[in-house]
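File shown here: target16.pdb, holding PDB, C-alpha atoms, pLDDT in the B column.
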```pdb
ATOM      1  CA  MET Y   1     -37.832  93.241  31.296  1.00 75.00           C
ATOM      2  CA  TRP Y   2     -40.018  95.627  33.280  1.00 78.00           C
ATOM      3  CA  TRP Y   3     -42.052  92.777  34.767  1.00 79.00           C
ATOM      4  CA  LEU Y   4     -38.852  91.257  36.155  1.00 81.00           C
ATOM      5  CA  LEU Y   5     -37.931  94.518  37.857  1.00 81.00           C
ATOM      6  CA  TRP Y   6     -41.442  94.781  39.319  1.00 84.00           C
ATOM      7  CA  LEU Y   7     -41.170  91.201  40.572  1.00 81.00           C
ATOM      8  CA  LEU Y   8     -37.804  91.867  42.196  1.00 83.00           C
ATOM      9  CA  ALA Y   9     -39.148  95.061  43.767  1.00 81.00           C
ATOM     10  CA  ALA Y  10     -42.206  93.222  45.102  1.00 83.00           C
ATOM     11  CA  LEU Y  11     -40.015  90.479  46.579  1.00 79.00           C
ATOM     12  CA  LEU Y  12     -37.765  93.090  48.162  1.00 81.00           C
ATOM     13  CA  VAL Y  13     -40.748  94.824  49.781  1.00 83.00           C
ATOM     14  CA  LEU Y  14     -42.114  91.462  50.948  1.00 79.00           C
ATOM     15  CA  PHE Y  15     -38.843  90.388  52.551  1.00 77.00           C
ATOM     16  CA  CYS Y  16     -38.388  93.811  54.157  1.00 83.00           C
ATOM     17  CA  SER Y  17     -41.950  93.873  55.526  1.00 83.00           C
ATOM     18  CA  LEU Y  18     -42.396  90.280  56.703  1.00 81.00           C
ATOM     19  CA  ASP Y  19     -40.256  87.547  58.219  1.00 84.00           C
ATOM     20  CA  VAL Y  20     -40.740  85.423  55.090  1.00 83.00           C
ATOM     21  CA  TRP Y  21     -38.394  82.644  56.189  1.00 85.00           C
ATOM     22  CA  TYR Y  22     -40.432  82.180  59.363  1.00 88.00           C
ATOM     23  CA  PHE Y  23     -43.667  81.618  57.447  1.00 89.00           C
ATOM     24  CA  LEU Y  24     -41.959  79.315  54.947  1.00 89.00           C
ATOM     25  CA  ARG Y  25     -40.566  77.266  57.831  1.00 90.00           C
ATOM     26  CA  VAL Y  26     -43.997  77.095  59.496  1.00 92.00           C
ATOM     27  CA  ALA Y  27     -45.501  75.815  56.244  1.00 93.00           C
ATOM     28  CA  ALA Y  28     -42.795  73.149  55.943  1.00 93.00           C
ATOM     29  CA  VAL Y  29     -43.236  72.018  59.566  1.00 94.00           C
ATOM     30  CA  VAL Y  30     -47.025  71.869  59.256  1.00 92.00           C
ATOM     31  CA  LEU Y  31     -46.901  69.871  56.007  1.00 94.00           C
ATOM     32  CA  ARG Y  32     -44.400  67.436  57.452  1.00 94.00           C
ATOM     33  CA  ALA Y  33     -46.448  66.901  60.622  1.00 94.00           C
ATOM     34  CA  TRP Y  34     -49.642  66.527  58.602  1.00 92.00           C
ATOM     35  CA  PHE Y  35     -48.265  63.509  56.781  1.00 92.00           C
ATOM     36  CA  GLN Y  36     -46.693  61.877  59.841  1.00 92.00           C
ATOM     37  CA  PRO Y  37     -48.612  59.330  61.929  1.00 91.00           C
ATOM     38  CA  GLN Y  38     -50.954  60.796  64.525  1.00 90.00           C
ATOM     39  CA  ILE Y  39     -49.948  60.300  68.163  1.00 89.00           C
ATOM     40  CA  ARG Y  40     -52.851  59.335  70.424  1.00 85.00           C
ATOM     41  CA  ASP Y  41     -51.096  59.970  73.755  1.00 89.00           C
ATOM     42  CA  ILE Y  42     -51.326  63.715  74.217  1.00 90.00           C
ATOM     43  CA  THR Y  43     -48.520  63.704  76.795  1.00 92.00           C
ATOM     44  CA  ALA Y  44     -46.123  61.676  74.630  1.00 94.00           C
ATOM     45  CA  GLU Y  45     -42.767  63.262  73.843  1.00 96.00           C
ATOM     46  CA  GLN Y  46     -42.170  64.235  70.228  1.00 95.00           C
ATOM     47  CA  THR Y  47     -38.797  64.991  68.678  1.00 96.00           C
ATOM     48  CA  LEU Y  48     -37.694  67.301  65.873  1.00 95.00           C
ATOM     49  CA  THR Y  49     -34.100  67.296  64.685  1.00 95.00           C
ATOM     50  CA  GLY Y  50     -32.076  70.296  63.610  1.00 94.00           C
ATOM     51  CA  ARG Y  51     -28.610  71.647  63.019  1.00 95.00           C
ATOM     52  CA  VAL Y  52     -27.177  75.065  63.831  1.00 94.00           C
ATOM     53  CA  SER Y  53     -26.742  76.974  60.571  1.00 91.00           C
ATOM     54  CA  PRO Y  54     -24.909  80.262  59.858  1.00 90.00           C
ATOM     55  CA  ARG Y  55     -28.270  82.091  59.947  1.00 87.00           C
ATOM     56  CA  ASP Y  56     -28.808  80.967  63.572  1.00 89.00           C
ATOM     57  CA  ILE Y  57     -25.592  82.180  65.143  1.00 87.00           C
ATOM     58  CA  ASP Y  58     -23.945  85.056  66.911  1.00 84.00           C
ATOM     59  CA  MET Y  59     -20.352  84.607  68.105  1.00 81.00           C
ATOM     60  CA  CYS Y  60     -20.291  81.122  66.504  1.00 84.00           C
ATOM     61  CA  HIS Y  61     -23.099  79.673  68.650  1.00 89.00           C
ATOM     62  CA  MET Y  62     -26.888  79.672  68.391  1.00 94.00           C
ATOM     63  CA  ASN Y  63     -28.454  83.043  69.148  1.00 93.00           C
ATOM     64  CA  ASN Y  64     -30.592  83.029  72.308  1.00 93.00           C
ATOM     65  CA  ALA Y  65     -33.714  84.088  70.407  1.00 92.00           C
ATOM     66  CA  ARG Y  66     -33.330  81.202  67.943  1.00 94.00           C
ATOM     67  CA  TYR Y  67     -34.041  78.707  70.705  1.00 96.00           C
ATOM     68  CA  LEU Y  68     -37.478  80.227  71.240  1.00 95.00           C
ATOM     69  CA  ARG Y  69     -38.119  80.303  67.503  1.00 94.00           C
ATOM     70  CA  GLU Y  70     -37.265  76.604  67.181  1.00 96.00           C
ATOM     71  CA  CYS Y  71     -39.610  75.884  70.092  1.00 97.00           C
ATOM     72  CA  ASP Y  72     -42.416  77.609  68.167  1.00 96.00           C
ATOM     73  CA  PHE Y  73     -41.929  75.252  65.230  1.00 96.00           C
ATOM     74  CA  ALA Y  74     -41.775  72.208  67.510  1.00 97.00           C
ATOM     75  CA  ARG Y  75     -45.071  73.150  69.170  1.00 96.00           C
ATOM     76  CA  PHE Y  76     -46.769  73.460  65.778  1.00 96.00           C
ATOM     77  CA  SER Y  77     -45.709  69.892  65.001  1.00 96.00           C
ATOM     78  CA  LEU Y  78     -46.675  68.676  68.477  1.00 96.00           C
ATOM     79  CA  TYR Y  79     -50.201  70.087  68.362  1.00 96.00           C
ATOM     80  CA  ILE Y  80     -50.893  68.789  64.875  1.00 95.00           C
ATOM     81  CA  ARG Y  81     -49.772  65.240  65.632  1.00 95.00           C
ATOM     82  CA  ASN Y  82     -51.430  64.897  69.048  1.00 94.00           C
ATOM     83  CA  GLY Y  83     -54.711  66.456  67.887  1.00 94.00           C
ATOM     84  CA  VAL Y  84     -54.762  69.629  70.003  1.00 95.00           C
ATOM     85  CA  PHE Y  85     -55.142  71.859  66.925  1.00 94.00           C
ATOM     86  CA  LYS Y  86     -58.027  69.648  65.807  1.00 93.00           C
ATOM     87  CA  GLY Y  87     -59.710  70.090  69.188  1.00 94.00           C
ATOM     88  CA  LEU Y  88     -59.213  73.862  69.051  1.00 95.00           C
ATOM     89  CA  ARG Y  89     -60.887  74.086  65.636  1.00 95.00           C
ATOM     90  CA  ALA Y  90     -63.804  71.918  66.736  1.00 95.00           C
ATOM     91  CA  LEU Y  91     -64.415  74.038  69.838  1.00 95.00           C
ATOM     92  CA  LYS Y  92     -63.811  77.333  68.003  1.00 96.00           C
ATOM     93  CA  ALA Y  93     -61.059  78.132  70.487  1.00 96.00           C
ATOM     94  CA  SER Y  94     -57.535  79.470  70.136  1.00 96.00           C
ATOM     95  CA  MET Y  95     -54.302  79.503  72.109  1.00 97.00           C
ATOM     96  CA  VAL Y  96     -51.542  81.954  72.942  1.00 97.00           C
ATOM     97  CA  VAL Y  97     -48.244  81.693  74.788  1.00 97.00           C
ATOM     98  CA  GLY Y  98     -48.835  83.037  78.292  1.00 95.00           C
ATOM     99  CA  ALA Y  99     -45.304  82.623  79.637  1.00 96.00           C
ATOM    100  CA  THR Y 100     -41.970  80.979  78.895  1.00 96.00           C
ATOM    101  CA  THR Y 101     -38.822  80.402  80.870  1.00 96.00           C
ATOM    102  CA  ILE Y 102     -35.697  78.986  79.283  1.00 96.00           C
ATOM    103  CA  ARG Y 103     -32.461  77.872  80.918  1.00 96.00           C
ATOM    104  CA  TYR Y 104     -29.291  77.767  78.810  1.00 96.00           C
ATOM    105  CA  ARG Y 105     -26.825  75.123  79.980  1.00 95.00           C
ATOM    106  CA  ARG Y 106     -24.310  74.866  77.116  1.00 95.00           C
ATOM    107  CA  ALA Y 107     -24.053  76.622  73.782  1.00 94.00           C
ATOM    108  CA  LEU Y 108     -25.000  74.842  70.570  1.00 95.00           C
ATOM    109  CA  CYS Y 109     -22.187  75.685  68.159  1.00 93.00           C
ATOM    110  CA  ILE Y 110     -22.337  76.194  64.406  1.00 92.00           C
ATOM    111  CA  GLY Y 111     -22.815  72.909  62.574  1.00 93.00           C
ATOM    112  CA  GLU Y 112     -23.831  71.046  65.737  1.00 95.00           C
ATOM    113  CA  GLY Y 113     -26.852  68.774  65.483  1.00 96.00           C
ATOM    114  CA  PHE Y 114     -29.576  68.707  68.115  1.00 97.00           C
ATOM    115  CA  GLU Y 115     -32.882  67.094  68.994  1.00 97.00           C
ATOM    116  CA  LEU Y 116     -35.720  69.297  70.216  1.00 98.00           C
ATOM    117  CA  ARG Y 117     -37.885  67.145  72.488  1.00 98.00           C
ATOM    118  CA  SER Y 118     -41.311  68.536  73.340  1.00 97.00           C
ATOM    119  CA  ARG Y 119     -44.080  67.229  75.571  1.00 97.00           C
ATOM    120  CA  ILE Y 120     -47.178  68.400  77.402  1.00 97.00           C
ATOM    121  CA  VAL Y 121     -46.417  67.879  81.086  1.00 97.00           C
ATOM    122  CA  THR Y 122     -49.817  68.727  82.556  1.00 97.00           C
ATOM    123  CA  TRP Y 123     -52.636  71.300  82.456  1.00 97.00           C
ATOM    124  CA  ASP Y 124     -55.046  73.268  84.620  1.00 95.00           C
ATOM    125  CA  ASP Y 125     -58.352  75.010  83.929  1.00 93.00           C
ATOM    126  CA  LYS Y 126     -56.744  77.664  81.727  1.00 95.00           C
ATOM    127  CA  ALA Y 127     -53.558  76.372  80.102  1.00 97.00           C
ATOM    128  CA  PHE Y 128     -51.368  73.511  78.988  1.00 97.00           C
ATOM    129  CA  TYR Y 129     -47.838  73.400  80.418  1.00 98.00           C
ATOM    130  CA  LEU Y 130     -45.055  72.110  78.193  1.00 98.00           C
ATOM    131  CA  GLU Y 131     -41.414  71.205  78.564  1.00 98.00           C
ATOM    132  CA  GLN Y 132     -39.058  71.518  75.599  1.00 98.00           C
ATOM    133  CA  ARG Y 133     -35.431  70.363  75.658  1.00 98.00           C
ATOM    134  CA  PHE Y 134     -32.542  70.897  73.262  1.00 98.00           C
ATOM    135  CA  VAL Y 135     -30.381  67.767  73.359  1.00 98.00           C
ATOM    136  CA  SER Y 136     -27.033  67.685  71.557  1.00 97.00           C
ATOM    137  CA  THR Y 137     -26.653  64.741  69.193  1.00 96.00           C
ATOM    138  CA  LYS Y 138     -22.901  64.905  69.848  1.00 94.00           C
ATOM    139  CA  ASP Y 139     -22.994  63.719  73.452  1.00 94.00           C
ATOM    140  CA  GLY Y 140     -26.628  63.661  74.588  1.00 95.00           C
ATOM    141  CA  LEU Y 141     -26.274  66.691  76.878  1.00 96.00           C
ATOM    142  CA  VAL Y 142     -29.377  68.798  77.515  1.00 97.00           C
ATOM    143  CA  CYS Y 143     -28.100  72.156  76.258  1.00 97.00           C
ATOM    144  CA  ALA Y 144     -31.244  74.146  77.052  1.00 97.00           C
ATOM    145  CA  ALA Y 145     -34.588  73.481  78.734  1.00 97.00           C
ATOM    146  CA  MET Y 146     -37.757  75.545  78.521  1.00 97.00           C
ATOM    147  CA  TYR Y 147     -41.139  75.616  80.230  1.00 97.00           C
ATOM    148  CA  CYS Y 148     -44.049  77.093  78.293  1.00 97.00           C
ATOM    149  CA  LYS Y 149     -47.529  78.057  79.448  1.00 98.00           C
ATOM    150  CA  GLN Y 150     -49.920  77.702  76.516  1.00 97.00           C
ATOM    151  CA  SER Y 151     -53.109  79.557  77.456  1.00 97.00           C
ATOM    152  CA  ILE Y 152     -56.431  78.495  75.921  1.00 97.00           C
ATOM    153  CA  ILE Y 153     -58.921  81.162  74.829  1.00 96.00           C
ATOM    154  CA  ARG Y 154     -62.711  80.599  74.618  1.00 95.00           C
ATOM    155  CA  SER Y 155     -62.384  77.054  75.963  1.00 95.00           C
ATOM    156  CA  SER Y 156     -60.250  75.047  78.396  1.00 95.00           C
ATOM    157  CA  PRO Y 157     -57.734  72.196  78.322  1.00 96.00           C
ATOM    158  CA  ASP Y 158     -60.304  69.926  80.013  1.00 95.00           C
ATOM    159  CA  LYS Y 159     -62.820  70.496  77.215  1.00 95.00           C
ATOM    160  CA  ILE Y 160     -60.162  69.850  74.578  1.00 95.00           C
ATOM    161  CA  MET Y 161     -59.132  66.621  76.299  1.00 94.00           C
ATOM    162  CA  GLN Y 162     -62.757  65.475  76.570  1.00 93.00           C
ATOM    163  CA  HIS Y 163     -63.293  66.227  72.883  1.00 92.00           C
ATOM    164  CA  LEU Y 164     -60.199  64.257  71.859  1.00 91.00           C
ATOM    165  CA  CYS Y 165     -60.583  61.323  74.264  1.00 89.00           C
ATOM    166  CA  LYS Y 166     -64.419  61.218  74.444  1.00 87.00           C
ATOM    167  CA  ARG Y 167     -64.200  61.023  78.235  1.00 88.00           C
ATOM    168  CA  LYS Y 168     -63.082  62.951  81.287  1.00 87.00           C
ATOM    169  CA  VAL Y 169     -59.277  62.896  81.581  1.00 87.00           C
ATOM    170  CA  ASP Y 170     -57.487  63.590  84.857  1.00 89.00           C
ATOM    171  CA  CYS Y 171     -54.483  65.860  84.454  1.00 91.00           C
ATOM    172  CA  PRO Y 172     -51.077  64.562  85.574  1.00 94.00           C
ATOM    173  CA  GLU Y 173     -49.625  65.938  88.787  1.00 95.00           C
ATOM    174  CA  PHE Y 174     -47.477  69.054  88.580  1.00 96.00           C
ATOM    175  CA  PRO Y 175     -43.763  68.326  89.078  1.00 95.00           C
ATOM    176  CA  GLU Y 176     -42.332  70.332  91.971  1.00 96.00           C
ATOM    177  CA  ASP Y 177     -40.164  72.615  89.816  1.00 95.00           C
ATOM    178  CA  LEU Y 178     -43.044  73.324  87.424  1.00 96.00           C
ATOM    179  CA  GLN Y 179     -45.354  74.149  90.345  1.00 96.00           C
ATOM    180  CA  HIS Y 180     -42.780  76.648  91.654  1.00 96.00           C
ATOM    181  CA  TRP Y 181     -42.710  78.263  88.199  1.00 96.00           C
ATOM    182  CA  VAL Y 182     -46.520  78.454  88.029  1.00 96.00           C
ATOM    183  CA  ASN Y 183     -46.577  80.054  91.493  1.00 96.00           C
ATOM    184  CA  PHE Y 184     -44.020  82.612  90.311  1.00 95.00           C
ATOM    185  CA  ILE Y 185     -46.186  83.480  87.266  1.00 94.00           C
ATOM    186  CA  SER Y 186     -49.247  83.913  89.497  1.00 93.00           C
ATOM    187  CA  ALA Y 187     -47.376  86.124  91.960  1.00 94.00           C
ATOM    188  CA  SER Y 188     -45.945  88.228  89.129  1.00 93.00           C
ATOM    189  CA  SER Y 189     -49.398  88.645  87.587  1.00 91.00           C
ATOM    190  CA  GLN Y 190     -50.904  89.756  90.883  1.00 91.00           C
ATOM    191  CA  ALA Y 191     -48.089  92.242  91.463  1.00 91.00           C
ATOM    192  CA  LEU Y 192     -48.507  93.750  87.989  1.00 89.00           C
ATOM    193  CA  ARG Y 193     -52.276  94.000  88.410  1.00 87.00           C
ATOM    194  CA  ALA Y 194     -51.805  95.789  91.724  1.00 88.00           C
ATOM    195  CA  GLU Y 195     -49.212  98.105  90.178  1.00 86.00           C
ATOM    196  CA  CYS Y 196     -51.698  99.065  87.445  1.00 83.00           C
ATOM    197  CA  GLY Y 197     -54.574  99.448  89.901  1.00 77.00           C
ATOM    198  CA  LEU Y 198     -56.538  96.573  88.369  1.00 69.00           C
ATOM    199  CA  GLU Y 199     -56.994  94.717  91.660  1.00 62.00           C
ATOM    200  CA  GLU Y 200     -59.075  97.513  93.185  1.00 53.00           C
ATOM    201  CA  LYS Y 201     -61.115  97.993  89.993  1.00 55.00           C
ATOM    202  CA  SER Y 202     -62.089  94.325  90.010  1.00 54.00           C
ATOM    203  CA  LYS Y 203     -63.378  94.483  93.617  1.00 48.00           C
TER     204      LYS Y 203
END
```
Please re-express this file's structure in structure tokens.
Amino acid sequence: MWWLLWLLAALLVLFCSLDVWYFLRVAAVVLRAWFQPQIRDITAEQTLTGRVSPRDIDMCHMNNARYLRECDFARFSLYIRNGVFKGLRALKASMVVGATTIRYRRALCIGEGFELRSRIVTWDDKAFYLEQRFVSTKDGLVCAAMYCKQSIIRSSPDKIMQHLCKRKVDCPEFPEDLQHWVNFISASSQALRAECGLEEKSK
């Protein structure tokens, strides 16, 4: 009997200390992507399907933060299937999210199905740039759209592409709206560096 109480106590501490459901979902997404066919075109769009559950909602529609969480899971699947994670391991590199911007166009309501469509749009010498869209399965409306800057550490997108494709790969052109967003990130970074006095220290 005592061992059962200890087990329940340990589970309680675990669930209070960690976002257990997040890690379980990551494991499920990774396993599913691992057994799906690999996609050779690194810029190809990939789709995950979902449905708004009671755990996702506030005021009967999907909570704003849940969109970003779902995008995390979709990127895990994307990078496994297109080989980016494989390239990172081979080059002993890593990646972090450098910036995101999301636009909400219409709420996804409880019980509503959606497709989360993710693709790498282009890249530069430091980061991949992705677009992720939430598309309602009810009427095909794009309910939310997000841009994500995925920064590469200890390597570069060009090196990853060369490793995967065994040749030099030219990056696609930046769409006009994405270029405006990248310019905004750069201007914001420069302003914050100046505010903290980092610009003068680097001179």
Can you list what the PyMOL selection byres ((chain Y and resi 60) around 12) grabs from this structure, as a PyMOL selection string? chain Y and resi 52-59+61-64+107-112
Matched chain/residue IDs from the PyMOL selection byres ((chain Y and resi 101) around 10), as number ranges by chain: Y: 68, 99-100, 102-103, 131, 145-149, 181
Expanded to explicit residues, what is the PyMOL selection byres ((chain Y and resi 45) around 12) for this file, as a list in words? Ile39, Arg40, Asp41, Ile42, Thr43, Ala44, Gln46, Thr47, Leu48, Ala74, Arg75, Ser77, Leu78, Tyr79, Arg81, Asn82, Glu115, Leu116, Arg117, Ser118, Arg119, Ile120, Val121, Leu130, Glu131, Gln132 and Arg133 of chain Y
Taking all listed atoms of region 103-120 of chain Y, build the axis-aligned box, pad each of the six sides by 3 Å, then write its centre and edge lengths in Å to one decimal as lines of an AutoDock Vina configuration file.
```
center_x = -34.7
center_y = 72.5
center_z = 71.7
size_x = 31.0
size_y = 16.8
size_z = 24.3
```
May I ask for the distance between CA of Lys159 (chain Y) and CA of Glu173 (chain Y), given in Å to one decimal place?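 If I compute the distance from CA of Lys159 (chain Y) to CA of Glu173 (chain Y), I get 18.1 Å.
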Any idea what the distance is between CA of Glu70 (chain Y) and CA of Trp21 (chain Y)?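 Interatomic distance here is 12.6 Å.
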Write out as a PDB file with C-alpha atoms, keeping the file's coordinate frame the residues lying within 9 Å of Cys171 (chain Y), counting all atoms listed in the file and excluding same-chain residues fewer than 6 positions away.
```pdb
ATOM      1  CA  VAL Y 121     -46.417  67.879  81.086  1.00 97.00           C
ATOM      2  CA  THR Y 122     -49.817  68.727  82.556  1.00 97.00           C
ATOM      3  CA  TRP Y 123     -52.636  71.300  82.456  1.00 97.00           C
ATOM      4  CA  ASP Y 124     -55.046  73.268  84.620  1.00 95.00           C
ATOM      5  CA  ASP Y 158     -60.304  69.926  80.013  1.00 95.00           C
TER       6      ASP Y 158
END
```
Between CA of Val30 (chain Y) and CA of Phe85 (chain Y), distance in Å (one decimal): 11.2 Å
Find the residues near Val142 (chain Y): any atom within 8 Å, counting all atoms listed in the file, skip ones fewer than 3 places away on the same chain, and give them as an NGL selection string. :Y and (105-106 or 133-136 or 145)
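Minimum atom-to-atom distance to Val97 (chain Y), evaluated using only C-alpha atoms, belongs to Y:Ser151 out of Y:Gly83, Y:Lys126, Y:Asp139, Y:Ser151.
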